[in-house]
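Raw contents of protein.txt, compact mmCIF, C-alpha atoms:
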```txt
# COMPACT_ATOMS: atom_id res chain seq x y z
CA MET A 636 -15.05 23.22 61.33
CA GLU A 637 -14.60 21.51 58.01
CA SER A 638 -16.61 18.49 57.03
CA ASN A 639 -15.06 15.17 56.03
CA ARG A 640 -17.57 14.85 53.20
CA PRO A 641 -16.07 15.01 49.71
CA VAL A 642 -16.35 18.42 48.08
CA ARG A 643 -18.47 18.46 44.93
CA THR A 644 -16.91 20.29 42.04
CA VAL A 645 -18.25 21.96 38.92
CA ASN A 646 -15.97 21.61 35.90
CA GLY A 647 -13.26 20.41 38.29
CA LEU A 648 -13.52 23.58 40.41
CA ARG A 649 -14.81 24.03 43.93
CA PRO A 650 -18.06 25.98 44.34
CA PRO A 651 -17.95 29.54 45.73
CA ILE A 652 -17.63 29.84 49.48
CA THR A 653 -19.25 32.48 51.67
CA TYR A 654 -16.72 34.52 53.63
CA ASP A 655 -16.76 36.78 56.66
CA PRO A 656 -15.99 40.23 55.16
CA ALA A 657 -13.83 41.17 58.15
CA VAL A 658 -11.47 38.22 57.70
CA ALA A 659 -8.20 38.54 55.73
CA HIS A 660 -9.66 41.30 53.59
CA PHE A 661 -7.41 43.94 52.04
CA ARG A 662 -7.72 46.85 49.63
CA ILE A 663 -5.16 48.51 47.38
CA GLN A 664 -5.79 51.83 45.66
CA ARG A 665 -3.54 53.45 43.06
CA ARG A 666 -3.74 56.34 40.59
CA THR A 667 -1.91 56.39 37.28
CA PRO A 668 -1.67 58.79 34.35
CA LEU A 669 -2.38 55.84 32.02
CA PRO A 670 -5.69 55.90 30.12
CA VAL A 671 -8.36 53.61 31.56
CA GLY A 672 -8.19 51.14 28.66
CA GLU A 673 -4.42 50.68 29.01
CA THR A 674 -4.68 50.36 32.78
CA TRP A 675 -7.35 47.67 32.37
CA ARG A 676 -5.29 45.83 29.74
CA ARG A 677 -2.20 45.76 31.96
CA LEU A 678 -4.03 44.59 35.08
CA THR A 679 -5.93 41.84 33.28
CA ASP A 680 -2.99 40.50 31.27
CA TRP A 681 -2.87 37.43 33.51
CA PRO A 682 0.45 35.90 32.37
CA ARG A 683 2.21 39.19 33.27
CA HIS A 684 1.13 38.70 36.90
CA GLY A 685 3.39 35.64 37.12
CA ALA A 686 6.43 37.77 36.27
CA HIS A 687 5.84 39.82 39.43
CA VAL A 688 4.84 37.14 41.95
CA PRO A 689 7.83 35.23 43.34
CA LEU A 690 8.04 31.53 42.44
CA SER A 691 4.86 31.73 40.35
CA GLY A 692 3.67 31.17 36.82
CA VAL A 693 0.25 31.77 35.30
CA THR A 694 -1.80 29.82 32.78
CA VAL A 695 -5.21 30.72 31.40
CA ARG A 696 -7.98 28.33 30.26
CA PRO A 697 -9.33 28.51 27.69
CA ALA A 698 -6.77 30.49 25.70
CA GLY A 699 -8.10 33.64 24.13
CA PRO A 700 -9.82 36.74 25.42
CA THR A 701 -10.88 36.78 29.06
CA ARG A 702 -14.61 36.41 29.71
CA VAL A 703 -16.90 35.05 32.41
CA GLY A 704 -15.87 31.42 32.91
CA THR A 705 -12.18 31.97 32.11
CA VAL A 706 -9.97 30.20 34.67
CA VAL A 707 -6.68 31.79 35.68
CA VAL A 708 -4.34 29.32 37.39
CA VAL A 709 -1.39 30.59 39.40
CA ARG A 710 1.15 27.84 40.06
CA THR A 711 3.31 28.70 43.08
CA GLY A 712 6.31 26.63 44.09
CA VAL A 713 9.50 25.06 42.85
CA GLY A 714 9.33 21.92 40.76
CA ARG A 715 6.88 19.41 42.18
CA ALA A 716 6.74 21.23 45.53
CA GLY A 717 3.98 23.72 45.02
CA PHE A 718 0.28 24.25 44.53
CA ASP A 719 -2.21 25.64 42.04
CA ASP A 720 -4.44 28.59 42.85
CA PRO A 721 -7.25 28.43 40.25
CA MET A 722 -9.47 31.50 40.00
CA GLU A 723 -12.58 31.71 37.87
CA VAL A 724 -13.66 35.00 36.30
CA VAL A 725 -17.26 35.44 37.51
CA ARG A 726 -17.67 39.07 36.43
CA TRP A 727 -16.09 40.70 33.39
CA ASP A 728 -17.17 44.25 32.64
CA PRO A 729 -14.34 46.14 30.88
CA PRO A 730 -14.50 49.93 31.09
CA ALA A 731 -16.51 51.43 28.23
CA ASP A 732 -14.96 53.96 25.90
CA ASP A 733 -18.31 55.26 24.64
CA ALA A 734 -19.54 58.60 25.99
CA PRO A 735 -22.81 57.49 27.69
CA ARG A 736 -20.92 55.11 30.01
CA ARG A 737 -17.72 57.15 30.43
CA ASP A 738 -17.82 57.17 34.21
CA ASN A 739 -18.73 53.52 34.68
CA PRO A 740 -15.76 51.57 36.04
CA GLY A 741 -14.43 48.36 34.58
CA ILE A 742 -14.83 45.51 37.07
CA CYS A 743 -13.36 42.02 37.05
CA ARG A 744 -14.16 39.59 39.87
CA LEU A 745 -12.32 36.32 40.35
CA GLU A 746 -13.34 33.61 42.80
CA LYS A 747 -10.59 31.39 44.15
CA ARG A 748 -11.55 27.75 43.62
CA GLY A 749 -8.47 25.92 44.83
CA SER A 750 -7.73 23.48 47.58
CA VAL A 751 -5.17 25.79 49.28
CA VAL A 752 -6.17 29.42 48.70
CA LEU A 753 -9.78 30.47 49.27
CA GLY A 754 -11.51 33.79 48.70
CA TRP A 755 -12.01 36.27 45.89
CA ALA A 756 -10.36 39.23 44.19
CA GLU A 757 -11.96 42.21 42.49
CA ILE A 758 -10.22 44.70 40.21
CA GLU A 759 -11.92 48.02 39.49
CA VAL A 760 -10.57 50.58 37.01
CA ARG A 761 -12.16 54.01 36.47
CA ARG A 762 -11.27 57.30 34.84
CA ARG A 763 -9.88 59.82 37.27
CA ASP A 764 -8.26 63.24 36.74
CA GLY A 765 -6.87 62.66 33.25
CA GLY A 766 -5.76 59.12 34.04
CA SER A 767 -7.07 56.10 35.91
CA GLU A 768 -7.73 54.91 39.42
CA VAL A 769 -7.36 51.27 40.40
CA VAL A 770 -9.03 49.65 43.39
CA TRP A 771 -8.02 46.04 44.06
CA ARG A 772 -10.04 44.31 46.77
CA GLU A 773 -9.25 40.83 47.92
CA GLU A 774 -10.19 38.36 50.57
CA ALA A 775 -7.80 35.45 50.93
CA ARG A 776 -7.47 32.56 53.34
CA LEU A 777 -5.19 29.58 53.36
CA ARG A 778 -7.14 26.41 53.99
CA GLY A 779 -6.25 24.83 57.29
CA LEU A 780 -4.64 27.91 58.83
CA PRO A 781 -6.35 29.06 62.03
CA ARG A 782 -8.11 32.43 61.81
CA LEU A 783 -5.49 33.95 64.06
CA PHE A 784 -3.31 34.03 60.91
CA ASP A 785 -5.86 36.13 58.99
CA PRO A 786 -4.33 39.53 59.91
CA PRO A 787 -0.81 38.53 58.78
CA THR A 788 -2.32 36.96 55.63
CA ALA A 789 -4.11 40.24 54.83
CA TRP A 790 -0.97 42.27 55.60
CA SER A 791 1.24 40.11 53.36
CA GLY A 792 -1.43 40.09 50.60
CA ARG A 793 -1.64 43.89 50.65
CA LEU A 794 2.17 44.13 50.46
CA LEU A 795 2.56 41.53 47.69
CA PHE A 796 -0.34 42.64 45.51
CA GLY A 797 0.46 46.32 46.04
CA ARG A 798 3.86 45.61 44.51
CA VAL A 799 2.27 43.58 41.71
CA VAL A 800 -0.16 46.40 40.83
CA ASP A 801 2.68 48.95 40.91
CA ALA A 802 4.85 46.77 38.64
CA LEU A 803 2.03 46.09 36.17
CA LEU A 804 1.27 49.80 35.90
CA GLU A 805 4.97 50.68 35.43
CA ASP A 806 5.84 48.03 32.78
```
C-alpha cells encoding of this file:
Amino acid sequence: MESNRPVRTVNGLRPPITYDPAVAHFRIQRRTPLPVGETWRRLTDWPRHGAHVPLSGVTVRPAGPTRVGTVVVVRTGVGRAGFDDPMEVVRWDPPADDAPRRDNPGICRLEKRGSVVLGWAEIEVRRRDGGSEVVWREEARLRGLPRLFDPPTAWSGRLLFGRVVDALLED
C-alpha cells in the first residue's frame, strides 16, 4: 500500500526502491559476432534506443559521455499525452580492452526514478567465442497497476526489449 506522504527527491529524482526479485523480472540473452567494445557502444548509445521503441524518444542529461549519475529519459507518448521514464546510471563499468581484465564483463545498471515506471535495468557485455554475449536483466513495474499484471508486464518487456537489443546489434 502506498503512502499519501510526499515523496522526497534527490536532484528531482525519486530514491531507489527495493523490489521483490520474483516480480515482473525478465532476462534477455544474445550472442553476436561483434567485438565486445562495439557491442557495448551500440547498447549504451541511448538516443538509438528511441529509434526502436514505439512512440518514444530519448534524451540524456548531462550531454557527453555516460558515467555514474547520467540520467537517461525516455519520453513515451504522442504530443502532450505521454510520460517520462527517467533512469539514472548507478553503475558504469565498460568492458576493459587490456589483457589482465579481458574476461571481466562490462556492466551498466540503471535505476528507474520516474512516477510511472519503477524498477531497474542491467546490461552486461562479455567476450564470448570470438564475439560478444549480452545479458539484459530488468525489473519493471507500472505504478498503480495491481501485481496481477506483473507477469504480462514481464512478458511484454521481454518481447519489446528483446527486439530492441536485436535491432541495436544489427544496425
With distances taken over all atoms listed in the file, the candidate from A:Arg702, A:Arg762, A:Arg776, A:His660 nearest Leu745 in chain A is A:Arg702
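Closest approach to Trp727 in chain A among A:Leu777, A:Leu803, A:Val760, A:Ala698: A:Val760, based on only C-alpha atoms.
Residue nearest Asp719 in chain A within the list A:Arg696, A:Arg677, A:Arg666, A:Arg748: A:Arg748 [criterion: smallest interatomic distance, all atoms listed in the file].
When the distance limit is 12 Å and only C-alpha atoms are what count, the residues near Gly714 in chain A, minus those fewer than 6 positions from it on the same chain, are Leu690, Ser691 and Gly692 of chain A.
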Store the residues picked out above, limited to C-alpha atoms, as a PDB file, in the frame of the given file.
```pdb
ATOM      1  CA  LEU A 690       8.040  31.530  42.440  1.00  0.00           C
ATOM      2  CA  SER A 691       4.860  31.730  40.350  1.00  0.00           C
ATOM      3  CA  GLY A 692       3.670  31.170  36.820  1.00  0.00           C
TER       4      GLY A 692
END
```
What's the 10 Å shell around range 763-768 of chain A, counting only C-alpha atoms, without same-chain residues fewer than 4 positions away, as a PyMOL selection string? chain A and resi 664-675+738+740+759
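When only C-alpha atoms are used to compute distances to Arg798 in chain A, the closest of the residues A:Phe718, A:Trp771, A:Trp681, A:Phe784 turns out to be A:Trp771.
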